[in-house]
Each structure stands twice: as C-alpha cells, then as structure tokens.
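Asks: Structure file structure-v2.tsv, TSV, C-alpha atoms, is pasted below:
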chain	number	residue	atom	x	y	z
A	1	MET	CA	-66.34	-10.14	-67.16
A	2	ARG	CA	-64.34	-9.62	-64.00
A	3	GLU	CA	-67.47	-8.95	-61.92
A	4	GLN	CA	-69.09	-12.07	-63.30
A	5	TYR	CA	-66.06	-14.14	-62.40
A	6	LEU	CA	-65.96	-12.75	-58.86
A	7	LYS	CA	-69.63	-13.45	-58.42
A	8	ALA	CA	-69.26	-17.02	-59.64
A	9	VAL	CA	-66.31	-17.65	-57.31
A	10	LYS	CA	-68.22	-16.17	-54.39
A	11	GLN	CA	-71.07	-18.60	-54.93
A	12	CYS	CA	-68.69	-21.56	-54.79
A	13	LEU	CA	-66.96	-20.49	-51.59
A	14	PRO	CA	-68.04	-21.21	-48.02
A	15	ARG	CA	-69.02	-18.05	-46.16
A	16	ARG	CA	-65.95	-17.98	-43.92
A	17	LEU	CA	-63.55	-17.88	-46.89
A	18	ARG	CA	-65.41	-15.32	-49.00
A	19	LYS	CA	-64.11	-12.06	-47.59
A	20	GLN	CA	-60.45	-12.97	-47.78
A	21	VAL	CA	-60.50	-14.75	-51.13
A	22	LEU	CA	-62.59	-12.07	-52.86
A	23	ARG	CA	-60.35	-9.29	-51.57
A	24	ASP	CA	-57.27	-11.11	-52.82
A	25	LEU	CA	-58.98	-11.87	-56.11
A	26	GLU	CA	-59.55	-8.15	-56.61
A	27	GLU	CA	-55.85	-7.60	-56.00
A	28	MET	CA	-54.97	-10.34	-58.48
A	29	PHE	CA	-56.96	-8.61	-61.22
A	30	ASP	CA	-55.63	-5.15	-60.33
A	31	ALA	CA	-52.00	-6.25	-60.22
A	32	ALA	CA	-52.32	-8.16	-63.48
A	33	ALA	CA	-53.90	-5.11	-65.14
A	34	ASP	CA	-51.01	-2.97	-63.90
A	35	HIS	CA	-48.66	-5.38	-65.66
A	36	GLY	CA	-50.53	-5.17	-68.93
A	37	GLU	CA	-52.60	-8.33	-68.67
A	38	SER	CA	-56.20	-8.28	-69.80
A	39	GLU	CA	-59.05	-9.63	-67.69
A	40	GLY	CA	-59.31	-12.46	-70.19
A	41	ASP	CA	-55.65	-13.39	-69.61
A	42	VAL	CA	-56.18	-13.51	-65.87
A	43	ILE	CA	-59.37	-15.55	-66.11
A	44	ALA	CA	-57.67	-17.99	-68.47
A	45	ARG	CA	-54.92	-18.49	-65.92
A	46	LEU	CA	-57.25	-18.75	-62.92
A	47	GLY	CA	-59.34	-21.38	-64.63
A	48	PRO	CA	-63.08	-22.00	-64.21
A	49	PRO	CA	-64.53	-20.28	-61.10
A	50	GLU	CA	-65.57	-23.61	-59.57
A	51	ALA	CA	-62.05	-25.04	-59.86
A	52	PHE	CA	-60.48	-21.84	-58.54
A	53	ALA	CA	-62.78	-21.84	-55.51
A	54	ALA	CA	-62.20	-25.55	-54.98
A	55	SER	CA	-58.47	-25.08	-54.48
A	56	PHE	CA	-59.23	-22.81	-51.51
A	57	ARG	CA	-61.94	-25.08	-50.15
A	58	GLU	CA	-59.61	-28.09	-50.13
A	59	GLU	CA	-56.96	-26.18	-48.28
A	60	ALA	CA	-59.36	-24.80	-45.70
A	61	GLN	CA	-60.98	-28.18	-45.16
A	62	ALA	CA	-57.68	-29.71	-44.14
A	63	HIS	CA	-57.53	-27.15	-41.34
A	64	ARG	CA	-61.10	-27.00	-40.19
A	65	PRO	CA	-61.42	-25.61	-36.67
A	66	LEU	CA	-62.43	-28.85	-34.98
A	67	LEU	CA	-61.95	-27.84	-31.35
A	68	PRO	CA	-64.42	-24.93	-31.23
A	69	VAL	CA	-67.03	-27.00	-33.04
A	70	LEU	CA	-66.62	-29.93	-30.64
A	71	THR	CA	-66.75	-27.84	-27.47
A	72	GLY	CA	-69.73	-25.95	-28.84
A	73	ALA	CA	-71.59	-29.17	-29.62
A	74	ALA	CA	-70.82	-30.63	-26.18
A	75	GLY	CA	-71.95	-27.40	-24.53
A	76	LEU	CA	-75.24	-27.29	-26.39
A	77	LEU	CA	-75.86	-30.95	-25.63
A	78	ALA	CA	-75.27	-30.43	-21.91
A	79	LEU	CA	-77.45	-27.35	-21.95
A	80	ALA	CA	-80.28	-29.15	-23.72
A	81	LEU	CA	-80.04	-32.14	-21.39
A	82	GLY	CA	-80.08	-29.87	-18.36
A	83	LEU	CA	-83.15	-28.03	-19.59
A	84	VAL	CA	-84.98	-31.26	-20.41
A	85	LEU	CA	-84.23	-32.68	-16.95
A	86	LEU	CA	-85.29	-29.42	-15.34
A	87	THR	CA	-88.69	-29.55	-16.98
A	88	LEU	CA	-89.10	-33.25	-16.21
A	89	LEU	CA	-87.90	-33.32	-12.61
A	90	PRO	CA	-90.64	-31.28	-10.90
A	91	SER	CA	-93.29	-33.57	-12.24
A	92	PHE	CA	-91.50	-36.43	-10.50
A	93	SER	CA	-91.09	-34.67	-7.22
A	94	VAL	CA	-94.75	-33.79	-7.12
A	95	GLY	CA	-95.26	-37.50	-7.17
A	96	THR	CA	-97.62	-38.18	-10.02
A	97	ILE	CA	-97.34	-41.91	-9.50
A	98	GLY	CA	-99.05	-43.95	-12.10
A	99	SER	CA	-98.74	-41.59	-14.99
A	100	PHE	CA	-95.17	-42.75	-15.69
A	101	ASP	CA	-93.52	-46.11	-16.06
A	102	GLY	CA	-92.41	-47.43	-12.72
A	103	PRO	CA	-88.79	-48.22	-13.67
A	104	THR	CA	-88.26	-44.83	-15.32
A	105	GLN	CA	-89.60	-43.00	-12.34
A	106	ILE	CA	-87.46	-44.86	-9.86
A	107	TYR	CA	-84.35	-44.41	-11.97
A	108	VAL	CA	-84.82	-40.68	-12.43
A	109	THR	CA	-85.86	-39.82	-8.93
A	110	SER	CA	-83.26	-41.95	-7.20
A	111	GLY	CA	-80.41	-41.50	-9.70
A	112	LEU	CA	-80.44	-37.75	-10.18
A	113	PRO	CA	-79.99	-35.21	-7.44
A	114	GLY	CA	-82.06	-32.07	-7.90
A	115	SER	CA	-79.04	-29.91	-8.59
A	116	LEU	CA	-77.85	-31.96	-11.59
A	117	PRO	CA	-79.84	-30.02	-14.23
A	118	TRP	CA	-78.29	-26.81	-12.92
A	119	TRP	CA	-74.82	-28.30	-13.12
A	120	LEU	CA	-75.52	-29.38	-16.69
A	121	ILE	CA	-76.88	-25.96	-17.64
A	122	GLY	CA	-73.94	-24.20	-15.99
A	123	GLY	CA	-71.42	-26.51	-17.63
A	124	GLY	CA	-73.18	-26.19	-20.97
A	125	VAL	CA	-73.10	-22.41	-20.88
A	126	LEU	CA	-69.43	-22.50	-19.88
A	127	LEU	CA	-68.56	-24.83	-22.77
A	128	CYS	CA	-70.47	-22.62	-25.21
A	129	VAL	CA	-68.51	-19.58	-24.02
A	130	VAL	CA	-65.20	-21.46	-24.37
A	131	SER	CA	-66.23	-22.54	-27.86
A	132	LEU	CA	-67.08	-18.96	-28.82
A	133	VAL	CA	-63.74	-17.66	-27.52
A	134	LEU	CA	-61.84	-20.37	-29.46
A	135	PHE	CA	-63.84	-19.61	-32.57
A	136	LEU	CA	-63.21	-15.87	-32.38
A	137	ARG	CA	-59.51	-16.41	-31.79
A	138	GLU	CA	-59.35	-18.67	-34.84
A	139	ARG	CA	-61.03	-16.02	-36.94
A	140	ARG	CA	-58.71	-13.29	-35.76
A	141	GLN	CA	-55.69	-15.40	-36.66
A	142	LYS	CA	-57.07	-15.76	-40.16
A	143	GLY	CA	-57.20	-11.99	-40.44
B	144	MET	CA	-46.24	-36.59	-66.79
B	145	GLU	CA	-49.90	-37.64	-66.67
B	146	ASN	CA	-48.96	-40.77	-64.77
B	147	LEU	CA	-47.48	-38.59	-62.10
B	148	GLU	CA	-50.79	-37.01	-61.15
B	149	ILE	CA	-51.27	-39.47	-58.36
B	150	ASN	CA	-52.00	-38.29	-54.86
B	151	ASP	CA	-48.46	-38.81	-53.60
B	152	VAL	CA	-47.02	-36.50	-56.21
B	153	ARG	CA	-49.60	-33.86	-55.40
B	154	GLN	CA	-48.58	-33.98	-51.74
B	155	PHE	CA	-44.97	-33.88	-52.80
B	156	LYS	CA	-45.49	-30.76	-54.89
B	157	LYS	CA	-47.44	-29.11	-52.11
B	158	GLY	CA	-44.67	-29.62	-49.58
B	159	ALA	CA	-42.01	-28.40	-51.99
B	160	LEU	CA	-44.07	-25.36	-52.92
B	161	GLU	CA	-44.25	-24.35	-49.26
B	162	LEU	CA	-40.47	-24.46	-49.05
B	163	VAL	CA	-40.06	-22.55	-52.32
B	164	LEU	CA	-42.47	-19.84	-51.20
B	165	LEU	CA	-40.68	-19.46	-47.88
B	166	CYS	CA	-37.37	-19.06	-49.77
B	167	LEU	CA	-38.90	-16.52	-52.11
B	168	ILE	CA	-40.43	-14.41	-49.35
B	169	ALA	CA	-37.22	-14.66	-47.30
B	170	ARG	CA	-35.55	-12.49	-49.95
B	171	GLY	CA	-37.65	-9.59	-48.74
B	172	GLU	CA	-41.20	-8.42	-48.26
B	173	THR	CA	-43.23	-9.10	-51.38
B	174	TYR	CA	-46.81	-9.34	-52.70
B	175	GLY	CA	-48.90	-11.80	-54.68
B	176	TYR	CA	-48.17	-10.80	-58.24
B	177	GLU	CA	-44.45	-10.42	-57.60
B	178	ILE	CA	-44.38	-13.89	-56.04
B	179	LEU	CA	-46.11	-15.37	-59.09
B	180	THR	CA	-43.74	-13.64	-61.49
B	181	ALA	CA	-40.64	-14.79	-59.60
B	182	LEU	CA	-42.01	-18.31	-59.40
B	183	HIS	CA	-42.70	-18.36	-63.13
B	184	GLN	CA	-39.23	-17.03	-63.97
B	185	GLN	CA	-37.53	-19.74	-61.94
B	186	GLY	CA	-39.44	-22.61	-63.52
B	187	GLY	CA	-42.11	-22.81	-60.85
B	188	ASP	CA	-44.66	-23.94	-63.42
B	189	ILE	CA	-43.80	-27.47	-62.37
B	190	PHE	CA	-45.93	-26.94	-59.24
B	191	GLY	CA	-49.08	-26.99	-61.31
B	192	GLY	CA	-48.44	-23.66	-62.95
B	193	ALA	CA	-47.35	-20.43	-61.30
B	194	ARG	CA	-51.01	-19.63	-60.84
B	195	GLU	CA	-52.93	-17.75	-58.20
B	196	GLY	CA	-55.12	-20.76	-57.43
B	197	THR	CA	-52.02	-22.78	-56.59
B	198	VAL	CA	-50.07	-20.18	-54.66
B	199	TYR	CA	-52.65	-18.32	-52.59
B	200	PRO	CA	-54.04	-21.28	-50.64
B	201	VAL	CA	-50.49	-22.13	-49.58
B	202	LEU	CA	-49.85	-18.53	-48.56
B	203	TYR	CA	-53.01	-18.62	-46.45
B	204	ARG	CA	-51.86	-21.76	-44.71
B	205	LEU	CA	-48.34	-20.49	-44.06
B	206	GLU	CA	-49.85	-17.35	-42.58
B	207	LYS	CA	-52.29	-19.29	-40.48
B	208	VAL	CA	-49.60	-21.44	-38.89
B	209	GLY	CA	-47.59	-18.30	-38.13
B	210	LEU	CA	-44.72	-18.63	-40.62
B	211	LEU	CA	-45.78	-15.57	-42.63
B	212	ARG	CA	-47.25	-12.25	-41.65
B	213	CYS	CA	-49.15	-9.83	-43.85
B	214	ARG	CA	-49.43	-6.12	-44.01
B	215	MET	CA	-51.85	-4.11	-46.12
B	216	GLU	CA	-50.62	-1.12	-48.00
B	217	THR	CA	-52.32	1.17	-50.45
B	218	VAL	CA	-50.34	1.50	-53.66
B	219	GLY	CA	-51.71	3.75	-56.38
B	220	GLY	CA	-55.14	3.82	-54.76
B	221	ARG	CA	-55.31	0.03	-54.57
B	222	SER	CA	-54.83	-2.07	-51.48
B	223	ARG	CA	-52.04	-4.58	-51.68
B	224	LYS	CA	-51.17	-7.37	-49.28
B	225	TYR	CA	-47.47	-7.69	-48.48
B	226	TYR	CA	-46.05	-10.91	-47.12
B	227	ALA	CA	-42.98	-11.27	-44.91
B	228	LEU	CA	-41.41	-14.09	-42.93
B	229	THR	CA	-41.96	-14.18	-39.17
B	230	ASP	CA	-39.18	-15.28	-36.83
B	231	ALA	CA	-40.81	-18.70	-36.70
B	232	GLY	CA	-40.88	-18.68	-40.51
B	233	ARG	CA	-37.17	-17.95	-40.70
B	234	ARG	CA	-36.41	-20.70	-38.22
B	235	THR	CA	-38.60	-23.19	-40.08
B	236	LEU	CA	-36.98	-22.28	-43.38
B	237	GLY	CA	-33.55	-23.04	-41.86
B	238	GLU	CA	-34.73	-26.41	-40.58
B	239	LEU	CA	-36.46	-27.28	-43.85
B	240	THR	CA	-33.33	-26.36	-45.81
B	241	VAL	CA	-31.20	-28.77	-43.79
B	242	PHE	CA	-33.86	-31.44	-44.14
B	243	TRP	CA	-34.26	-30.95	-47.88
B	244	ARG	CA	-30.50	-31.19	-48.48
B	245	SER	CA	-30.18	-34.58	-46.79
B	246	PHE	CA	-33.45	-35.71	-48.30
B	247	SER	CA	-32.41	-34.97	-51.87
B	248	ARG	CA	-28.91	-36.40	-51.25
B	249	CYS	CA	-30.48	-39.65	-50.16
B	250	VAL	CA	-32.94	-39.84	-53.07
B	251	GLU	CA	-30.22	-38.78	-55.52
B	252	GLY	CA	-28.02	-41.64	-54.24
B	253	PHE	CA	-30.74	-44.17	-55.03
B	254	LEU	CA	-31.33	-42.67	-58.47
B	255	GLU	CA	-27.59	-42.92	-59.25
B	256	ASP	CA	-27.60	-46.62	-58.33
B	257	GLN	CA	-30.60	-47.13	-60.53
B	258	LYS	CA	-28.78	-45.56	-63.49
B	259	GLU	CA	-25.92	-48.04	-63.17
B	260	VAL	CA	-28.30	-50.99	-63.17
B	261	GLN	CA	-30.43	-49.78	-66.08
B	262	PRO	CA	-28.47	-47.70	-68.56
As structure tokens, please, write out the structure in this file.
Replies:
Amino acid sequence: MREQYLKAVKQCLPRRLRKQVLRDLEEMFDAAADHGESEGDVIARLGPPEAFAASFREEAQAHRPLLPVLTGAAGLLALALGLVLLTLLPSFSVGTIGSFDGPTQIYVTSGLPGSLPWWLIGGGVLLCVVSLVLFLRERRQKG
Amino acid sequence: MENLEINDVRQFKKGALELVLLCLIARGETYGYEILTALHQQGGDIFGGAREGTVYPVLYRLEKVGLLRCRMETVGGRSRKYYALTDAGRRTLGELTVFWRSFSRCVEGFLEDQKEVQP
C-alpha cells in the first residue's frame, strides 16, 4: 500500500524533486506509524498521489532556476553558431565563386573576420561552464 | 467557505502559513510530524488542513531562501530531518511580526467600521 503510493507519487514528480520528496515521504509514513497511525490513515490525509505530487510541482515551478537555463541556452547557441561559421568559412576563403549566391558570399566574407567563429566557440564554452556552475550551486542549496 | 477558494485567498493562506511555520520552528528545533501535530492543535487546519502536502512545500521554499536549515539525524534506526531557524530566518520573523501586527490592525479597523454600517 505504502510502496504503491510512493511509486505513484514518484511517477508524477519531475526528476529533480524525486529524491527529496520521496525521502521525506518515507519519513512521513515512519513518523505517523510511530504515532499509531495506519498507512491508510496517512494516505487518506495525503490525498491522491497526483494531487500530493502536484503541490510540490507548483511550488518548485514558482522557483525554477531560470538563470542557469538561460546562460546554458545562450552558450549552446553561440557554440553552435561558431561551429557552423567555422565549417562554412573555409569554403568562402578558397573562393568557390559561383557556387553560392553573390550577396551571401559578399556579406559573409566581408562582414566576418576569420577569428569570429573562435570567439563564438570560446564564449559559448565559457557560458556553458558558467551555466553548469550556477546549476550545481542551485542543486547544492536544495540539499 | 467555498466562495473563498479564489486565488487571492490561496495566496493569502500561503503567506500566513510561512509566518506560522517560522513562529513554530522558532520555538526550537523540530521535525515534520511534530510541526504537523502542533499546527493541528492550534487550529492550523484553516490553511487547507494540517497536511504534509500543504506544509512540506513551504518548508522546502523557506529552506531554499535560507530562512531554515535542516539537519539529518537517525532516531530509532530511521532518518529524521530536523528544521531550525537560521539567523536570517530569525530576522525575517521579527520583521514579519511587526508587519503582520500593523497589517491586521489596519484590516481590523476597516472591519470594525463595516460592522457599524451593517449590523
């Protein structure tokens, strides 16, 4: 009965909340049992597993770690852009005139210095690292 | 009471429950079941029942913003999470207490006026 309830709650929880909520849920059942409550009593009070899990989801959603996600996304974007430019640029410098649209070629070759992809890649990696650090710090605070 | 289940009242309860939990934990280090029992004994059912699903998410949040700290201890072979106020928690509780007093005085004043108009 208790195991079933725990399993059902687990399925309704996002991964990052599972460990903490399930641990505390175990304590809730144990403590209630120590005070003479049956598993049925506890489950009746907790309510349906979906509703119980939802109360934690709502709370966590209000405090979603936005900053790490944003920096991570920006980093990946810069990294991807840098890599794309890096693979495109050599073909321009070789001078395969005619195989590309004129305006595109002129824009890319004249607008972008050769070091730009490397700056983008470097910046992207840096942002990803910052994002990871922020994310790990957030997790540690949660315990 | 069903009419009161609008979003504003939910927010209202949530804020008040934070204050109540801070007060309760300020009395001394305590753990989940003890918190629920104390809440129930002092009429805390008004916050949507002195239930785990109501109390724990608030505890998580108070811990996350640094007002509470937890400590694990093994009692009778079972791990138990003890909550205590941090210094920031104690300070916040003081500030919230002052705020709540003036808040309720103000609201109370309006309710008194209302009583005179509509007996």
Asks: Could you tell me which residues of chain B sit within 7 Å of chain A when counting all atoms listed in the file, and give me the result as a list in words?
Replies: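 Filtering chain B at 7 Å from chain A with all atoms listed in the file gives Tyr176, Arg194, Glu195, Gly196, Pro200, Lys207 and Arg223 of chain B.
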Asks: Excluding Glu161 (chain B) and its own-chain neighbours fewer than 2 positions away, which residues fall within 10 Å of it when counting only C-alpha atoms? Please give them as a PyMOL selection string.
Replies: chain B and resi 156-159+163-167+198+201-202+204-205+236+239
Asks: Just write the chosen residues, C-alpha atoms, as a compact mmCIF listing (two decimals), in the coordinates of the input.
Replies:
# COMPACT_ATOMS: atom_id res chain seq x y z
CA LYS B 156 -45.49 -30.76 -54.89
CA LYS B 157 -47.44 -29.11 -52.11
CA GLY B 158 -44.67 -29.62 -49.58
CA ALA B 159 -42.01 -28.40 -51.99
CA VAL B 163 -40.06 -22.55 -52.32
CA LEU B 164 -42.47 -19.84 -51.20
CA LEU B 165 -40.68 -19.46 -47.88
CA CYS B 166 -37.37 -19.06 -49.77
CA LEU B 167 -38.90 -16.52 -52.11
CA VAL B 198 -50.07 -20.18 -54.66
CA VAL B 201 -50.49 -22.13 -49.58
CA LEU B 202 -49.85 -18.53 -48.56
CA ARG B 204 -51.86 -21.76 -44.71
CA LEU B 205 -48.34 -20.49 -44.06
CA LEU B 236 -36.98 -22.28 -43.38
CA LEU B 239 -36.46 -27.28 -43.85
Asks: Got a sec to check which residues sit within 12 Å of (-64.6, -3.1, -63.9), counting all atoms listed in the file, and write them as a ChimeraX atom specification?
Replies: /A:1-6,26,29-30,33,38-39
Asks: May I have the residues from that selection written out with C-alpha atoms, as a CSV table (one decimal), keeping the file's coordinate frame?
Replies:
chain,number,residue,atom,x,y,z
A,1,MET,CA,-66.3,-10.1,-67.2
A,2,ARG,CA,-64.3,-9.6,-64.0
A,3,GLU,CA,-67.5,-9.0,-61.9
A,4,GLN,CA,-69.1,-12.1,-63.3
A,5,TYR,CA,-66.1,-14.1,-62.4
A,6,LEU,CA,-66.0,-12.8,-58.9
A,26,GLU,CA,-59.6,-8.2,-56.6
A,29,PHE,CA,-57.0,-8.6,-61.2
A,30,ASP,CA,-55.6,-5.2,-60.3
A,33,ALA,CA,-53.9,-5.1,-65.1
A,38,SER,CA,-56.2,-8.3,-69.8
A,39,GLU,CA,-59.0,-9.6,-67.7
Asks: Quick one: distance from CA of Val69 (chain A) to CA of Pro14 (chain A) in Å, one decimal?
Replies: 16.1 Å
Asks: In Å to one decimal, how far is CA of Ile121 (chain A) from CA of Gly82 (chain A)?
Replies: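 Distance between the two atoms: 5.1 Å.
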Asks: Find the residues near Leu126 (chain A): any atom within 10 Å, counting all atoms listed in the file, skip ones fewer than 6 places away on the same chain, and give them as a PyMOL selection string.
Replies: chain A and resi 71-72+75-76+79+120+132
Asks: One decimal, in Å: what's the spacing between CA of Val260 (chain B) and CA of Ser247 (chain B)?
Replies: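 Between CA of Val260 (chain B) and CA of Ser247 (chain B) the gap works out to 20.0 Å.
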Asks: Please complete region 204-215 of chain B so it has all heavy atoms, and hand it over as a short mmCIF file (atom, residue, chain, number, x, y, z; two decimals), in the frame of the given file.
Replies:
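Okay, result-v4.cif is ready:
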data_model
loop_
_atom_site.label_atom_id
_atom_site.label_comp_id
_atom_site.auth_asym_id
_atom_site.auth_seq_id
_atom_site.Cartn_x
_atom_site.Cartn_y
_atom_site.Cartn_z
N ARG B 204 -52.20 -20.76 -45.73
CA ARG B 204 -51.86 -21.76 -44.71
C ARG B 204 -50.60 -21.35 -43.96
O ARG B 204 -50.53 -21.45 -42.74
CB ARG B 204 -51.66 -23.12 -45.37
CG ARG B 204 -51.25 -24.19 -44.38
CD ARG B 204 -51.78 -25.53 -44.80
NE ARG B 204 -51.58 -25.72 -46.23
CZ ARG B 204 -50.61 -26.45 -46.74
NH1 ARG B 204 -49.76 -27.05 -45.96
NH2 ARG B 204 -50.50 -26.59 -48.05
N LEU B 205 -49.59 -20.89 -44.71
CA LEU B 205 -48.34 -20.49 -44.06
C LEU B 205 -48.59 -19.33 -43.09
O LEU B 205 -47.97 -19.24 -42.04
CB LEU B 205 -47.30 -20.09 -45.11
CG LEU B 205 -46.78 -21.22 -45.99
CD1 LEU B 205 -45.85 -20.69 -47.07
CD2 LEU B 205 -46.06 -22.26 -45.14
N GLU B 206 -49.53 -18.47 -43.47
CA GLU B 206 -49.85 -17.35 -42.58
C GLU B 206 -50.58 -17.87 -41.34
O GLU B 206 -50.29 -17.47 -40.22
CB GLU B 206 -50.74 -16.33 -43.32
CG GLU B 206 -50.93 -15.06 -42.52
CD GLU B 206 -52.16 -14.29 -42.94
OE1 GLU B 206 -52.71 -14.59 -44.02
OE2 GLU B 206 -52.57 -13.41 -42.18
N LYS B 207 -51.48 -18.78 -41.58
CA LYS B 207 -52.29 -19.29 -40.48
C LYS B 207 -51.45 -20.00 -39.42
O LYS B 207 -51.73 -19.89 -38.23
CB LYS B 207 -53.35 -20.24 -41.03
CG LYS B 207 -54.48 -20.43 -40.06
CD LYS B 207 -55.52 -21.37 -40.58
CE LYS B 207 -56.39 -21.79 -39.41
NZ LYS B 207 -57.12 -23.00 -39.68
N VAL B 208 -50.43 -20.73 -39.87
CA VAL B 208 -49.60 -21.44 -38.89
C VAL B 208 -48.49 -20.54 -38.35
O VAL B 208 -47.63 -20.98 -37.59
CB VAL B 208 -49.00 -22.74 -39.46
CG1 VAL B 208 -50.10 -23.71 -39.83
CG2 VAL B 208 -48.11 -22.46 -40.67
N GLY B 209 -48.50 -19.27 -38.75
CA GLY B 209 -47.59 -18.30 -38.13
C GLY B 209 -46.21 -18.21 -38.76
O GLY B 209 -45.30 -17.67 -38.14
N LEU B 210 -46.04 -18.72 -39.97
CA LEU B 210 -44.72 -18.63 -40.62
C LEU B 210 -44.61 -17.35 -41.45
O LEU B 210 -43.52 -16.88 -41.73
CB LEU B 210 -44.46 -19.85 -41.50
CG LEU B 210 -44.51 -21.21 -40.79
CD1 LEU B 210 -44.14 -22.33 -41.75
CD2 LEU B 210 -43.58 -21.23 -39.60
N LEU B 211 -45.76 -16.82 -41.86
CA LEU B 211 -45.78 -15.57 -42.63
C LEU B 211 -46.61 -14.54 -41.87
O LEU B 211 -47.48 -14.90 -41.10
CB LEU B 211 -46.43 -15.77 -43.99
CG LEU B 211 -45.77 -16.67 -45.01
CD1 LEU B 211 -46.57 -16.64 -46.30
CD2 LEU B 211 -44.34 -16.23 -45.27
N ARG B 212 -46.33 -13.27 -42.15
CA ARG B 212 -47.25 -12.25 -41.65
C ARG B 212 -47.56 -11.30 -42.80
O ARG B 212 -46.76 -11.13 -43.72
CB ARG B 212 -46.65 -11.54 -40.43
CG ARG B 212 -45.77 -10.39 -40.77
CD ARG B 212 -45.34 -9.56 -39.60
NE ARG B 212 -43.97 -9.14 -39.92
CZ ARG B 212 -42.89 -9.61 -39.33
NH1 ARG B 212 -42.99 -10.47 -38.36
NH2 ARG B 212 -41.70 -9.23 -39.71
N CYS B 213 -48.75 -10.72 -42.76
CA CYS B 213 -49.15 -9.83 -43.85
C CYS B 213 -49.37 -8.43 -43.36
O CYS B 213 -49.69 -8.21 -42.21
CB CYS B 213 -50.47 -10.19 -44.47
SG CYS B 213 -50.87 -11.78 -44.70
N ARG B 214 -49.25 -7.54 -44.31
CA ARG B 214 -49.43 -6.12 -44.01
C ARG B 214 -50.13 -5.54 -45.24
O ARG B 214 -49.77 -5.85 -46.37
CB ARG B 214 -48.04 -5.52 -43.85
CG ARG B 214 -47.98 -4.06 -43.52
CD ARG B 214 -46.52 -3.68 -43.29
NE ARG B 214 -45.73 -3.75 -44.53
CZ ARG B 214 -45.68 -2.77 -45.43
NH1 ARG B 214 -46.34 -1.65 -45.25
NH2 ARG B 214 -44.94 -2.90 -46.52
N MET B 215 -51.16 -4.73 -44.99
CA MET B 215 -51.85 -4.11 -46.12
C MET B 215 -51.25 -2.74 -46.38
O MET B 215 -50.94 -2.01 -45.44
CB MET B 215 -53.33 -3.94 -45.79
CG MET B 215 -54.04 -5.21 -45.44
SD MET B 215 -54.07 -6.35 -46.80
CE MET B 215 -55.54 -5.78 -47.58
#
